[in-house]
file start-v4.cif (mmCIF, C-alpha atoms and all ligand atoms)
data_start
loop_
_atom_site.label_atom_id
_atom_site.label_comp_id
_atom_site.auth_asym_id
_atom_site.auth_seq_id
_atom_site.Cartn_x
_atom_site.Cartn_y
_atom_site.Cartn_z
CA MET A 1399 0.00 0.00 0.00
CA ALA A 1400 1.86 3.05 -1.28
CA LYS A 1401 1.43 6.53 0.15
CA THR A 1402 -0.06 8.20 -2.89
CA GLY A 1403 -0.50 11.94 -3.36
CA ILE A 1404 -3.15 13.15 -5.78
CA LEU A 1405 -3.21 16.72 -7.05
CA ILE A 1406 -6.86 17.72 -6.67
CA GLU A 1407 -8.17 20.19 -9.23
CA ILE A 1408 -10.93 22.46 -7.96
CA GLU A 1409 -13.11 24.95 -9.80
CA ASN A 1410 -15.61 27.18 -7.98
CA ASN A 1411 -15.15 25.12 -4.80
CA ILE A 1412 -16.11 21.91 -6.65
CA VAL A 1413 -13.67 19.08 -7.25
CA LYS A 1414 -13.39 18.28 -10.95
CA GLU A 1415 -14.85 14.89 -11.91
CA THR A 1416 -11.52 14.05 -13.56
CA SER A 1417 -9.75 14.22 -10.17
CA PHE A 1418 -12.14 11.56 -8.82
CA GLY A 1419 -11.05 9.33 -11.71
CA VAL A 1420 -7.41 9.79 -10.70
CA MET A 1421 -8.29 9.02 -7.06
CA THR A 1422 -10.02 5.85 -8.24
CA ALA A 1423 -6.77 4.75 -9.91
CA ALA A 1424 -5.18 4.88 -6.46
CA HIS A 1425 -7.82 2.88 -4.59
CA GLY A 1426 -6.17 0.24 -2.42
CA HIS A 1427 -3.38 2.68 -1.56
CA GLU A 1428 -3.18 5.34 1.14
CA ILE A 1429 -4.51 8.44 -0.62
CA TYR A 1430 -3.27 11.91 0.28
CA ALA A 1431 -5.52 14.39 -1.53
CA LEU A 1432 -3.37 17.47 -2.14
CA VAL A 1433 -5.44 20.65 -2.14
CA LEU A 1434 -3.35 23.53 -3.36
CA ASP A 1435 -4.32 27.02 -2.25
CA HIS A 1436 -8.06 26.24 -1.96
CA ASP A 1437 -10.56 25.78 0.85
CA ALA A 1438 -10.07 22.10 1.79
CA LEU A 1439 -13.07 22.12 4.13
CA ALA A 1440 -15.41 22.92 1.24
CA VAL A 1441 -14.37 19.73 -0.58
CA LYS A 1442 -13.66 17.46 2.40
CA GLU A 1443 -16.83 15.38 2.15
CA LYS A 1444 -16.43 14.58 -1.53
CA LEU A 1445 -12.72 13.77 -1.22
CA ALA A 1446 -13.42 11.42 1.69
CA GLU A 1447 -16.19 9.76 -0.32
CA TYR A 1448 -13.76 9.02 -3.16
CA GLY A 1449 -11.06 7.55 -0.95
CA ALA A 1450 -8.93 10.30 0.63
CA ALA A 1451 -7.43 9.03 3.88
CA VAL A 1452 -5.76 12.40 4.38
CA ILE A 1453 -6.55 15.77 2.82
CA VAL A 1454 -3.50 18.02 2.82
CA SER A 1455 -4.39 21.68 2.66
CA ILE A 1456 -1.24 23.21 1.20
CA THR A 1457 -0.71 26.92 1.59
CA ALA A 1458 2.25 29.26 1.32
CA PRO A 1459 2.97 32.81 2.42
CA GLY A 1460 1.73 35.39 -0.07
CA ASP A 1461 -0.24 34.98 -3.29
CA VAL A 1462 0.79 31.88 -5.23
CA SER A 1463 -2.16 31.73 -7.63
CA SER A 1464 -0.32 33.41 -10.50
CA SER A 1465 2.91 31.44 -10.21
CA PRO A 1466 3.10 27.85 -11.48
CA ASP A 1467 6.67 27.70 -10.16
CA LEU A 1468 5.55 28.45 -6.59
CA GLN A 1469 2.70 25.94 -6.89
CA ALA A 1470 5.07 23.25 -8.14
CA GLN A 1471 7.45 23.97 -5.25
CA MET A 1472 4.51 23.64 -2.83
CA LEU A 1473 3.61 20.27 -4.30
CA ALA A 1474 7.20 19.05 -4.22
CA ALA A 1475 7.50 20.19 -0.60
CA ALA A 1476 4.35 18.25 0.33
CA VAL A 1477 5.70 15.14 -1.39
CA LYS A 1478 8.79 15.36 0.82
CA GLU A 1479 6.94 16.31 4.01
CA TYR A 1480 4.59 13.29 3.82
CA SER A 1481 7.14 10.91 2.22
CA LEU A 1482 4.76 10.26 -0.67
CA GLU A 1483 5.86 7.35 -2.85
CA THR A 1484 3.60 8.26 -5.77
CA LEU A 1485 2.19 11.53 -7.10
CA LEU A 1486 -0.70 11.37 -9.56
CA GLY A 1487 -2.69 14.06 -11.32
CA THR A 1488 -4.81 14.75 -14.37
CA ALA A 1489 -3.13 15.42 -17.71
CA SER A 1490 -5.05 18.70 -17.87
CA THR A 1491 -3.54 22.08 -18.71
CA THR A 1492 -2.76 22.60 -15.02
CA GLY A 1493 -1.61 19.03 -14.40
CA LYS A 1494 0.73 18.93 -17.39
CA ASP A 1495 2.27 22.25 -16.41
CA LEU A 1496 2.73 21.57 -12.69
CA PHE A 1497 3.90 17.97 -12.98
CA ALA A 1498 6.66 18.87 -15.43
CA ARG A 1499 7.89 21.47 -12.94
CA VAL A 1500 7.61 19.08 -9.98
CA ALA A 1501 9.58 16.45 -11.92
CA ALA A 1502 12.30 19.00 -12.59
CA ILE A 1503 12.42 20.07 -8.92
CA LEU A 1504 12.56 16.48 -7.65
CA GLU A 1505 14.83 15.37 -10.51
CA GLU A 1506 12.64 12.35 -11.16
CA PRO A 1507 11.10 10.99 -14.37
CA LEU A 1508 7.50 11.83 -15.28
CA VAL A 1509 5.08 9.88 -17.46
CA SER A 1510 2.34 12.07 -18.85
CA ASP A 1511 -1.12 11.45 -20.31
CA CYS A 1512 -1.37 7.76 -19.40
CA VAL A 1513 -4.59 5.79 -19.77
CA GLN A 1514 -3.84 3.19 -17.08
CA VAL A 1515 -1.57 3.01 -14.09
CA SER A 1516 -0.48 0.31 -11.66
CA ILE A 1517 0.93 1.99 -8.59
CA ALA A 1518 2.15 -1.27 -7.07
CA ASP A 1519 4.17 -2.23 -10.19
CA LYS A 1520 5.04 1.35 -11.20
CA THR A 1521 3.79 0.65 -14.71
CA VAL A 1522 1.63 2.76 -17.00
CA LYS A 1523 -0.16 2.27 -20.29
CA LYS A 1524 0.24 5.06 -22.82
CA SER A 1525 -1.04 5.70 -26.33
CA HIS A 1526 1.80 6.00 -28.87
CA PHE A 1527 2.14 6.94 -32.56
CA SER A 1528 -1.11 8.93 -32.69
CA GLY A 1529 -3.07 6.17 -30.99
CA LYS A 1530 -1.90 3.35 -33.28
CA THR A 1531 -0.30 1.39 -30.44
CA PHE A 1532 -0.33 1.27 -26.67
CA ALA A 1533 2.91 0.87 -24.77
CA THR A 1534 3.30 -0.42 -21.24
CA LEU A 1535 6.13 1.43 -19.52
CA LYS A 1536 7.90 0.63 -16.28
CA VAL A 1537 8.98 3.73 -14.36
CA ASN A 1538 11.84 3.63 -11.90
CA GLY A 1539 11.32 7.06 -10.36
CA SER A 1540 10.89 7.57 -6.67
CA PRO A 1541 8.47 9.17 -6.12
CA PHE A 1542 6.65 7.73 -9.10
CA LEU A 1543 5.21 10.73 -11.02
CA CYS A 1544 2.35 10.25 -13.45
CA THR A 1545 -0.52 12.16 -15.01
CA LEU A 1546 -3.60 10.40 -16.36
CA ARG A 1547 -5.63 11.37 -19.42
CA PRO A 1548 -8.92 12.98 -18.27
CA ASN A 1549 -11.83 10.50 -18.06
CA SER A 1550 -9.61 7.47 -18.72
CA ILE A 1551 -10.67 6.02 -15.38
CA GLU A 1552 -14.33 5.86 -14.35
CA PRO A 1553 -14.71 7.45 -10.87
CA GLU A 1554 -15.83 5.10 -8.11
CA THR A 1555 -16.45 5.89 -4.48
CA ALA A 1556 -14.45 4.22 -1.69
CA PRO A 1557 -15.19 6.07 1.56
CA ALA A 1558 -12.17 6.88 3.74
CA ALA A 1559 -11.37 9.06 6.78
CA GLY A 1560 -10.69 12.33 4.92
CA LYS A 1561 -8.70 13.85 7.76
CA ILE A 1562 -7.65 17.41 6.98
CA VAL A 1563 -4.07 18.40 7.80
CA GLU A 1564 -2.59 21.83 7.22
CA PHE A 1565 0.78 22.21 5.56
CA THR A 1566 2.52 25.51 4.97
CA ALA A 1567 5.25 25.27 2.37
CA ASN A 1568 8.15 27.66 2.64
CA VAL A 1569 8.47 28.62 -0.97
CA GLU A 1570 9.67 31.92 -2.31
CA ASP A 1571 11.09 31.78 -5.83
CA PRO A 1572 8.23 32.80 -8.16
CA GLY A 1573 10.31 31.87 -11.22
CA LEU A 1574 10.04 33.67 -14.54
CA ILE A 1575 6.43 32.93 -15.43
CA LYS A 1576 3.41 34.80 -14.15
CA ILE A 1577 -0.17 33.94 -15.14
CA VAL A 1578 -1.86 37.23 -15.92
CA GLU A 1579 -5.14 36.00 -17.42
CA VAL A 1580 -6.97 32.73 -18.06
CA LYS A 1581 -9.17 32.76 -21.14
CA LYS A 1582 -11.77 30.02 -21.41
CA ASP A 1583 -12.77 28.64 -24.80
CA ALA A 1584 -16.16 29.49 -26.24
CA GLY A 1585 -17.70 31.52 -23.44
CA GLY A 1586 -17.09 29.27 -20.47
CA LYS A 1587 -18.58 26.10 -21.96
CA LEU A 1588 -17.27 22.67 -20.94
CA ASP A 1589 -13.57 22.12 -21.55
CA LEU A 1590 -13.31 19.75 -24.51
CA THR A 1591 -10.35 17.82 -23.12
CA GLU A 1592 -12.12 17.12 -19.82
CA ALA A 1593 -15.73 16.73 -20.97
CA PRO A 1594 -17.29 13.35 -20.13
CA VAL A 1595 -19.35 13.42 -23.33
CA ILE A 1596 -18.47 15.01 -26.67
CA ILE A 1597 -20.56 15.48 -29.80
CA THR A 1598 -18.50 16.38 -32.85
CA GLY A 1599 -19.53 17.81 -36.19
CA GLY A 1600 -17.50 17.06 -39.31
CA ARG A 1601 -17.48 18.59 -42.76
CA ALA A 1602 -21.09 17.42 -43.16
CA ILE A 1603 -22.23 20.17 -40.80
CA LYS A 1604 -21.95 22.51 -43.83
CA ALA A 1605 -22.19 25.85 -41.95
CA ALA A 1606 -21.12 27.41 -38.66
CA GLU A 1607 -24.72 28.07 -37.62
CA ASN A 1608 -25.56 24.36 -37.95
CA TYR A 1609 -23.43 23.70 -34.87
CA GLN A 1610 -26.45 25.04 -32.96
CA MET A 1611 -28.08 21.68 -33.71
CA LEU A 1612 -25.18 19.95 -31.94
CA GLU A 1613 -25.20 22.52 -29.11
CA ALA A 1614 -28.86 21.70 -28.43
CA CYS A 1615 -28.06 17.99 -28.22
CA ALA A 1616 -24.94 18.69 -26.12
CA GLU A 1617 -27.02 20.63 -23.63
CA LYS A 1618 -29.21 17.58 -23.02
CA LEU A 1619 -26.19 15.33 -22.68
CA GLY A 1620 -23.97 17.60 -20.57
CA ALA A 1621 -21.55 17.40 -23.48
CA ALA A 1622 -18.95 19.60 -25.14
CA VAL A 1623 -19.02 20.18 -28.89
CA GLY A 1624 -16.04 19.31 -31.08
CA ALA A 1625 -15.15 19.61 -34.76
CA SER A 1626 -13.08 17.78 -37.35
CA ARG A 1627 -10.26 19.53 -39.11
CA ALA A 1628 -12.26 19.66 -42.34
CA ALA A 1629 -14.95 21.61 -40.48
CA VAL A 1630 -12.36 23.91 -38.93
CA ASP A 1631 -10.57 24.46 -42.25
CA ALA A 1632 -13.91 25.30 -43.87
CA GLY A 1633 -14.40 28.02 -41.22
CA TYR A 1634 -17.41 26.34 -39.56
CA ALA A 1635 -15.69 26.09 -36.15
CA PRO A 1636 -12.67 27.60 -34.37
CA HIS A 1637 -9.47 25.58 -34.05
CA SER A 1638 -10.05 25.36 -30.28
CA MET A 1639 -12.85 22.88 -31.10
CA GLN A 1640 -10.71 20.64 -33.30
CA VAL A 1641 -10.23 17.04 -32.22
CA GLY A 1642 -7.37 15.03 -33.67
CA GLN A 1643 -3.69 14.79 -34.33
CA THR A 1644 -3.29 18.54 -34.86
CA GLY A 1645 -6.14 19.43 -32.50
CA LYS A 1646 -7.10 18.26 -29.03
CA THR A 1647 -6.75 14.78 -27.61
CA VAL A 1648 -9.92 13.76 -25.82
CA SER A 1649 -11.02 10.66 -23.96
CA PRO A 1650 -14.68 11.05 -23.00
CA ARG A 1651 -16.99 8.29 -21.82
CA LEU A 1652 -19.11 8.87 -24.91
CA TYR A 1653 -18.02 10.35 -28.27
CA ILE A 1654 -20.66 11.02 -30.91
CA ALA A 1655 -19.21 11.74 -34.35
CA CYS A 1656 -21.69 13.40 -36.69
CA GLY A 1657 -20.75 13.48 -40.36
CA VAL A 1658 -17.11 12.58 -39.69
CA SER A 1659 -15.50 10.11 -42.08
CA GLY A 1660 -13.08 8.63 -39.52
CA ALA A 1661 -9.68 9.65 -40.91
CA VAL A 1662 -6.70 8.31 -38.99
CA GLN A 1663 -5.70 11.84 -37.97
CA HIS A 1664 -9.13 12.43 -36.43
CA PHE A 1665 -9.04 9.08 -34.70
CA ALA A 1666 -5.64 9.91 -33.20
CA GLY A 1667 -7.39 12.46 -31.00
CA MET A 1668 -10.36 10.43 -29.78
CA LYS A 1669 -9.40 6.79 -30.05
CA THR A 1670 -9.36 6.22 -26.30
CA SER A 1671 -13.00 7.36 -25.90
CA ARG A 1672 -14.86 4.64 -24.04
CA VAL A 1673 -17.89 4.42 -26.36
CA ILE A 1674 -17.88 5.80 -29.91
CA VAL A 1675 -21.10 6.45 -31.79
CA ALA A 1676 -20.99 7.42 -35.47
CA ILE A 1677 -23.74 9.02 -37.51
CA ASN A 1678 -22.97 9.04 -41.23
CA GLU A 1679 -25.07 8.78 -44.36
CA ASP A 1680 -22.46 6.62 -46.11
CA LYS A 1681 -22.69 3.05 -44.83
CA ASP A 1682 -19.14 2.44 -46.13
CA ALA A 1683 -17.57 5.38 -44.24
CA PRO A 1684 -14.36 4.21 -42.48
CA ILE A 1685 -15.68 5.39 -39.11
CA PHE A 1686 -18.19 2.51 -39.07
CA ALA A 1687 -15.29 0.07 -38.83
CA LYS A 1688 -14.04 1.80 -35.69
CA CYS A 1689 -17.15 2.71 -33.71
CA ASP A 1690 -19.14 0.85 -31.07
CA TYR A 1691 -22.53 1.95 -32.43
CA GLY A 1692 -23.30 3.29 -35.88
CA ILE A 1693 -26.32 5.03 -37.32
CA VAL A 1694 -26.56 5.22 -41.11
CA GLY A 1695 -28.47 8.40 -41.78
CA ASP A 1696 -28.44 12.11 -42.45
CA ILE A 1697 -27.20 14.04 -39.39
CA PHE A 1698 -29.87 16.68 -40.03
CA ASP A 1699 -32.52 13.98 -39.56
CA VAL A 1700 -30.90 11.93 -36.81
CA VAL A 1701 -29.52 14.56 -34.42
CA PRO A 1702 -32.81 16.48 -33.87
CA VAL A 1703 -34.58 13.17 -33.14
CA LEU A 1704 -31.82 12.20 -30.71
CA THR A 1705 -32.13 15.59 -28.97
CA GLU A 1706 -35.90 15.24 -28.81
CA LYS A 1707 -35.66 11.76 -27.30
CA LEU A 1708 -33.08 12.92 -24.76
P1 LIG A 1801 -14.77 14.24 -44.64
O1 LIG A 1801 -13.64 13.29 -44.70
O2 LIG A 1801 -15.10 15.02 -45.85
O3 LIG A 1801 -16.03 13.38 -44.19
C1 LIG A 1801 -17.33 13.89 -44.11
C2 LIG A 1801 -18.23 12.71 -43.82
O4 LIG A 1801 -19.55 13.17 -43.62
C3 LIG A 1801 -18.29 11.68 -44.95
O5 LIG A 1801 -18.01 10.40 -44.41
C4 LIG A 1801 -19.73 11.77 -45.48
O6 LIG A 1801 -20.24 10.50 -45.83
C5 LIG A 1801 -20.46 12.29 -44.27
N1 LIG A 1801 -21.64 13.10 -44.59
C6 LIG A 1801 -21.78 14.10 -45.48
N2 LIG A 1801 -23.00 14.68 -45.38
C7 LIG A 1801 -23.65 14.01 -44.39
C8 LIG A 1801 -24.92 14.14 -43.77
N3 LIG A 1801 -25.78 15.12 -44.14
N4 LIG A 1801 -25.26 13.28 -42.78
C9 LIG A 1801 -24.41 12.31 -42.38
N5 LIG A 1801 -23.18 12.16 -42.90
C10 LIG A 1801 -22.79 13.00 -43.88
N6 LIG A 1801 -8.46 15.80 -39.13
C11 LIG A 1801 -9.06 15.98 -37.94
O7 LIG A 1801 -10.27 15.81 -37.80
N7 LIG A 1801 -8.31 16.39 -36.86
C12 LIG A 1801 -6.98 16.59 -36.93
O8 LIG A 1801 -6.37 16.97 -35.93
C13 LIG A 1801 -6.33 16.38 -38.19
N8 LIG A 1801 -5.00 16.54 -38.29
C14 LIG A 1801 -4.42 16.28 -39.51
C15 LIG A 1801 -3.02 16.37 -39.63
C16 LIG A 1801 -2.40 16.07 -40.82
C17 LIG A 1801 -0.91 16.14 -40.90
C18 LIG A 1801 -3.19 15.71 -41.95
C19 LIG A 1801 -2.52 15.39 -43.26
C20 LIG A 1801 -4.56 15.65 -41.85
C21 LIG A 1801 -5.19 15.93 -40.64
N9 LIG A 1801 -6.58 15.87 -40.50
C22 LIG A 1801 -7.14 16.00 -39.29
C23 LIG A 1801 -7.47 15.75 -41.70
C24 LIG A 1801 -8.00 14.34 -41.93
O9 LIG A 1801 -7.10 13.61 -42.75
C25 LIG A 1801 -9.37 14.41 -42.64
O10 LIG A 1801 -9.24 15.13 -43.84
C26 LIG A 1801 -10.47 15.07 -41.80
O11 LIG A 1801 -10.51 14.45 -40.53
C27 LIG A 1801 -11.80 14.88 -42.49
O12 LIG A 1801 -12.81 15.54 -41.78
P2 LIG A 1801 -14.30 15.06 -41.92
O13 LIG A 1801 -14.39 13.63 -41.52
O14 LIG A 1801 -15.14 16.04 -41.20
O15 LIG A 1801 -14.60 15.27 -43.47
#
call {"tool": "encode", "arguments": {"input": "start-v4.cif", "output": "structure tokens"}}
result
Amino acid sequence: MAKTGILIEIENNIVKETSFGVMTAAHGHEIYALVLDHDALAVKEKLAEYGAAVIVSITAPGDVSSSPDLQAQMLAAAVKEYSLETLLGTASTTGKDLFARVAAILEEPLVSDCVQVSIADKTVKKSHFSGKTFATLKVNGSPFLCTLRPNSIEPETAPAAGKIVEFTANVEDPGLIKIVEVKKDAGGKLDLTEAPVIITGGRAIKAAENYQMLEACAEKLGAAVGASRAAVDAGYAPHSMQVGQTGKTVSPRLYIACGVSGAVQHFAGMKTSRVIVAINEDKDAPIFAKCDYGIVGDIFDVVPVLTEKL
């Protein structure tokens, strides 16, 4: 049973669903939920429900919110203070940034964006070559540092004590980077890379305004809306919505591809989705060979019916 630290990501005093997935990966080990510069009391109940034996409320003198370097130093200090053998987090924008810094501070290797982890064996499974293969890697770092692709592990509860401890890290070097502003994509909608459900429109969407049809369906599903590169190149959607090799990598529980042919470069970005549904009017479209469920039909007929039923 390894002492395992988990970087908990919190937004508006709510723990992100993706952090519960990471906690689930550590079930069976002693979980230290690391709450960085947030109100730990506000999230205590939820963290205990998902398996936190200890909740470490990490603070530091002064304002650390704009300095990833200070935050990474705080995390590294907590790892040392509690002799954590493993440190896990989400391969989110924050997780990727902080873990790289923590790895540099601790001078230990980091494996990023994994889809499976075995803490006991220090092995991870990672998608390679744009999703064509999966590699199992053995990591010899101590502590073992790893980030997991959002949604790659289904959150499960495992109630634990959830004892809050306070830890003040003596950190002072703010480094060279200062966060001055955080701009959210598309007016504060769900983050594509962390969304549990995604509905994507390909070239078949034909016009930017037709994405409203997908937005309506997404609203019912609690989904984010994505686009193929063909749709982005045609000017129907911004690049921030693009899924694929030269867009975002996503791994939702459910991915609904509407009028997407299933090119290998698109697949590279969504291959690890748990369930893939394709809607395409061409029964021979390559995507039908790669999806779990397929609907042969016109998206402009099928999607409104789906929305209605939902
Ligand atoms: P198409 O291939 O044109 O497919 C449209 C599909 O919609 C067809 O299957 C058609 O049968 C169906 N259709 C048409 N009308 C309807 C309708 N009314 N109802 C139902 N179905 C309909 N692509 C990405 O997506 N993401 C990337 O990141 C990416 N990176 C790339 C990087 C490189 C280096 C290269 C070379 C390519 C990359 N591509 C990427 C492009 C990729 O190869 C494909 O060209 C692109 O994915 C095709 O998008 P699409 O499926 O929307 O369009």
call {"tool": "residues_near_ligand", "arguments": {"input": "start-v4.cif", "ligand": "ligand LIG 1801 (chain A)", "cutoff": "8 Å", "atoms": "all atoms listed in the file", "output": "VMD selection string"}}
result
chain A and resid 1599 to 1603 1625 to 1629 1640 to 1646 1656 to 1667 1677 to 1681 1683 to 1685 1694 to 1699
call {"tool": "write_last_selection", "arguments": {"input": "start-v4.cif", "atoms": "C-alpha atoms", "output": "PDB file, in the frame of the given file"}}
result
ATOM      1  CA  GLY A1599     -19.530  17.810 -36.190  1.00  0.00           C
ATOM      2  CA  GLY A1600     -17.500  17.060 -39.310  1.00  0.00           C
ATOM      3  CA  ARG A1601     -17.480  18.590 -42.760  1.00  0.00           C
ATOM      4  CA  ALA A1602     -21.090  17.420 -43.160  1.00  0.00           C
ATOM      5  CA  ILE A1603     -22.230  20.170 -40.800  1.00  0.00           C
ATOM      6  CA  ALA A1625     -15.150  19.610 -34.760  1.00  0.00           C
ATOM      7  CA  SER A1626     -13.080  17.780 -37.350  1.00  0.00           C
ATOM      8  CA  ARG A1627     -10.260  19.530 -39.110  1.00  0.00           C
ATOM      9  CA  ALA A1628     -12.260  19.660 -42.340  1.00  0.00           C
ATOM     10  CA  ALA A1629     -14.950  21.610 -40.480  1.00  0.00           C
ATOM     11  CA  GLN A1640     -10.710  20.640 -33.300  1.00  0.00           C
ATOM     12  CA  VAL A1641     -10.230  17.040 -32.220  1.00  0.00           C
ATOM     13  CA  GLY A1642      -7.370  15.030 -33.670  1.00  0.00           C
ATOM     14  CA  GLN A1643      -3.690  14.790 -34.330  1.00  0.00           C
ATOM     15  CA  THR A1644      -3.290  18.540 -34.860  1.00  0.00           C
ATOM     16  CA  GLY A1645      -6.140  19.430 -32.500  1.00  0.00           C
ATOM     17  CA  LYS A1646      -7.100  18.260 -29.030  1.00  0.00           C
ATOM     18  CA  CYS A1656     -21.690  13.400 -36.690  1.00  0.00           C
ATOM     19  CA  GLY A1657     -20.750  13.480 -40.360  1.00  0.00           C
ATOM     20  CA  VAL A1658     -17.110  12.580 -39.690  1.00  0.00           C
ATOM     21  CA  SER A1659     -15.500  10.110 -42.080  1.00  0.00           C
ATOM     22  CA  GLY A1660     -13.080   8.630 -39.520  1.00  0.00           C
ATOM     23  CA  ALA A1661      -9.680   9.650 -40.910  1.00  0.00           C
ATOM     24  CA  VAL A1662      -6.700   8.310 -38.990  1.00  0.00           C
ATOM     25  CA  GLN A1663      -5.700  11.840 -37.970  1.00  0.00           C
ATOM     26  CA  HIS A1664      -9.130  12.430 -36.430  1.00  0.00           C
ATOM     27  CA  PHE A1665      -9.040   9.080 -34.700  1.00  0.00           C
ATOM     28  CA  ALA A1666      -5.640   9.910 -33.200  1.00  0.00           C
ATOM     29  CA  GLY A1667      -7.390  12.460 -31.000  1.00  0.00           C
ATOM     30  CA  ILE A1677     -23.740   9.020 -37.510  1.00  0.00           C
ATOM     31  CA  ASN A1678     -22.970   9.040 -41.230  1.00  0.00           C
ATOM     32  CA  GLU A1679     -25.070   8.780 -44.360  1.00  0.00           C
ATOM     33  CA  ASP A1680     -22.460   6.620 -46.110  1.00  0.00           C
ATOM     34  CA  LYS A1681     -22.690   3.050 -44.830  1.00  0.00           C
ATOM     35  CA  ALA A1683     -17.570   5.380 -44.240  1.00  0.00           C
ATOM     36  CA  PRO A1684     -14.360   4.210 -42.480  1.00  0.00           C
ATOM     37  CA  ILE A1685     -15.680   5.390 -39.110  1.00  0.00           C
ATOM     38  CA  VAL A1694     -26.560   5.220 -41.110  1.00  0.00           C
ATOM     39  CA  GLY A1695     -28.470   8.400 -41.780  1.00  0.00           C
ATOM     40  CA  ASP A1696     -28.440  12.110 -42.450  1.00  0.00           C
ATOM     41  CA  ILE A1697     -27.200  14.040 -39.390  1.00  0.00           C
ATOM     42  CA  PHE A1698     -29.870  16.680 -40.030  1.00  0.00           C
ATOM     43  CA  ASP A1699     -32.520  13.980 -39.560  1.00  0.00           C
TER      44      ASP A1699
END
call {"tool": "atom_distance", "arguments": {"input": "start-v4.cif", "atom1": "CA of Leu1405 (chain A)", "atom2": "CA of Thr1492 (chain A)"}}
result
9.9 Å
call {"tool": "residues_around", "arguments": {"input": "start-v4.cif", "residues": "Glu1407 (chain A)", "least_positions_apart": "6", "cutoff": "7 Å", "atoms": "all atoms listed in the file", "output": "list in words"}}
result
Val1413, Lys1414 and Ser1417 of chain A
call {"tool": "closest_residue", "arguments": {"input": "start-v4.cif", "among": "A:Leu1588, A:Ala1622, A:Ile1412, A:Met1421", "to": "Ala1440 (chain A)", "atoms": "only C-alpha atoms"}}
result
A:Ile1412
call {"tool": "residues_around", "arguments": {"input": "start-v4.cif", "residues": "Thr1705 (chain A)", "least_positions_apart": "3", "cutoff": "7 Å", "atoms": "all atoms listed in the file", "output": "PyMOL selection string"}}
result
chain A and resi 1614-1615+1618+1701-1702+1708
call {"tool": "atom_distance", "arguments": {"input": "start-v4.cif", "atom1": "CA of Ser1510 (chain A)", "atom2": "CA of Lys1494 (chain A)"}}
result
7.2 Å
call {"tool": "axis_aligned_box", "arguments": {"input": "start-v4.cif", "around": "region 1424-1439 of chain A", "padding_each_side": "4 Å", "output": "AutoDock Vina command-line options"}}
result
--center_x -8.1 --center_y 13.6 --center_z -1.2 --size_x 17.9 --size_y 34.8 --size_z 18.6
call {"tool": "closest_residue", "arguments": {"input": "start-v4.cif", "among": "A:Ala1423, A:Ala1676, A:Ala1558, A:Ile1429", "to": "Leu1546 (chain A)", "atoms": "all atoms listed in the file"}}
result
A:Ala1423
call {"tool": "atom_distance", "arguments": {"input": "start-v4.cif", "atom1": "CA of Pro1548 (chain A)", "atom2": "CA of His1637 (chain A)"}}
result
20.2 Å
call {"tool": "closest_atom_pairs", "arguments": {"input": "start-v4.cif", "of": "region 1628-1676 of chain A", "to": "region 1591-1595 of chain A", "cutoff": "6 Å", "atoms": "only C-alpha atoms", "output": "JSON lines"}}
result
{"residue": "A:Val1648", "atom": "CA", "partner": "A:Thr1591", "partner_atom": "CA", "distance": 4.9}
{"residue": "A:Pro1650", "atom": "CA", "partner": "A:Pro1594", "partner_atom": "CA", "distance": 4.5}
{"residue": "A:Arg1651", "atom": "CA", "partner": "A:Pro1594", "partner_atom": "CA", "distance": 5.3}
{"residue": "A:Leu1652", "atom": "CA", "partner": "A:Val1595", "partner_atom": "CA", "distance": 4.8}
{"residue": "A:Tyr1653", "atom": "CA", "partner": "A:Val1595", "partner_atom": "CA", "distance": 6.0}
call {"tool": "residues_near_point", "arguments": {"input": "start-v4.cif", "point": "(5.1, 16.6, -4.6)", "cutoff": "12 Å", "atoms": "only C-alpha atoms", "output": "PyMOL selection string"}}
result
chain A and resi 1401-1405+1430-1434+1454+1456+1469-1487+1496-1506+1508+1540-1544+1567
call {"tool": "closest_residue", "arguments": {"input": "start-v4.cif", "among": "A:Thr1555, A:Gln1610, A:Thr1670, A:Thr1491", "to": "Gly1449 (chain A)", "atoms": "only C-alpha atoms"}}
result
A:Thr1555
call {"tool": "closest_residue", "arguments": {"input": "start-v4.cif", "among": "A:Val1441, A:Ala1606, A:Ala1450, A:Val1623", "to": "Ala1559 (chain A)", "atoms": "all atoms listed in the file"}}
result
A:Ala1450
call {"tool": "closest_residue", "arguments": {"input": "start-v4.cif", "among": "A:Ile1551, A:Ala1635, A:Glu1447, A:Val1563", "to": "Thr1598 (chain A)", "atoms": "all atoms listed in the file"}}
result
A:Ala1635
call {"tool": "closest_atom_pairs", "arguments": {"input": "start-v4.cif", "of": "region 1454-1542 of chain A", "to": "region 1568-1574 of chain A", "cutoff": "9 Å", "atoms": "only C-alpha atoms", "output": "CSV"}}
result
residue,atom,partner,partner_atom,distance
A:Thr1457,CA,A:Asn1568,CA,9.0
A:Ala1458,CA,A:Asn1568,CA,6.3
A:Pro1459,CA,A:Asn1568,CA,7.3
A:Gly1460,CA,A:Glu1570,CA,8.9
A:Val1462,CA,A:Pro1572,CA,8.0
A:Ser1464,CA,A:Pro1572,CA,8.9
A:Ser1465,CA,A:Pro1572,CA,5.9
A:Pro1466,CA,A:Pro1572,CA,7.9
A:Asp1467,CA,A:Gly1573,CA,5.6
A:Leu1468,CA,A:Pro1572,CA,5.3
A:Gln1469,CA,A:Val1569,CA,8.7
A:Gln1471,CA,A:Val1569,CA,6.4
A:Met1472,CA,A:Val1569,CA,6.6
A:Ala1475,CA,A:Asn1568,CA,8.2
call {"tool": "residues_around", "arguments": {"input": "start-v4.cif", "residues": "Thr1521 (chain A)", "least_positions_apart": "5", "cutoff": "12 Å", "atoms": "only C-alpha atoms", "output": "ChimeraX atom specification"}}
result
/A:1484,1508-1509,1512-1516,1533-1539,1542-1544
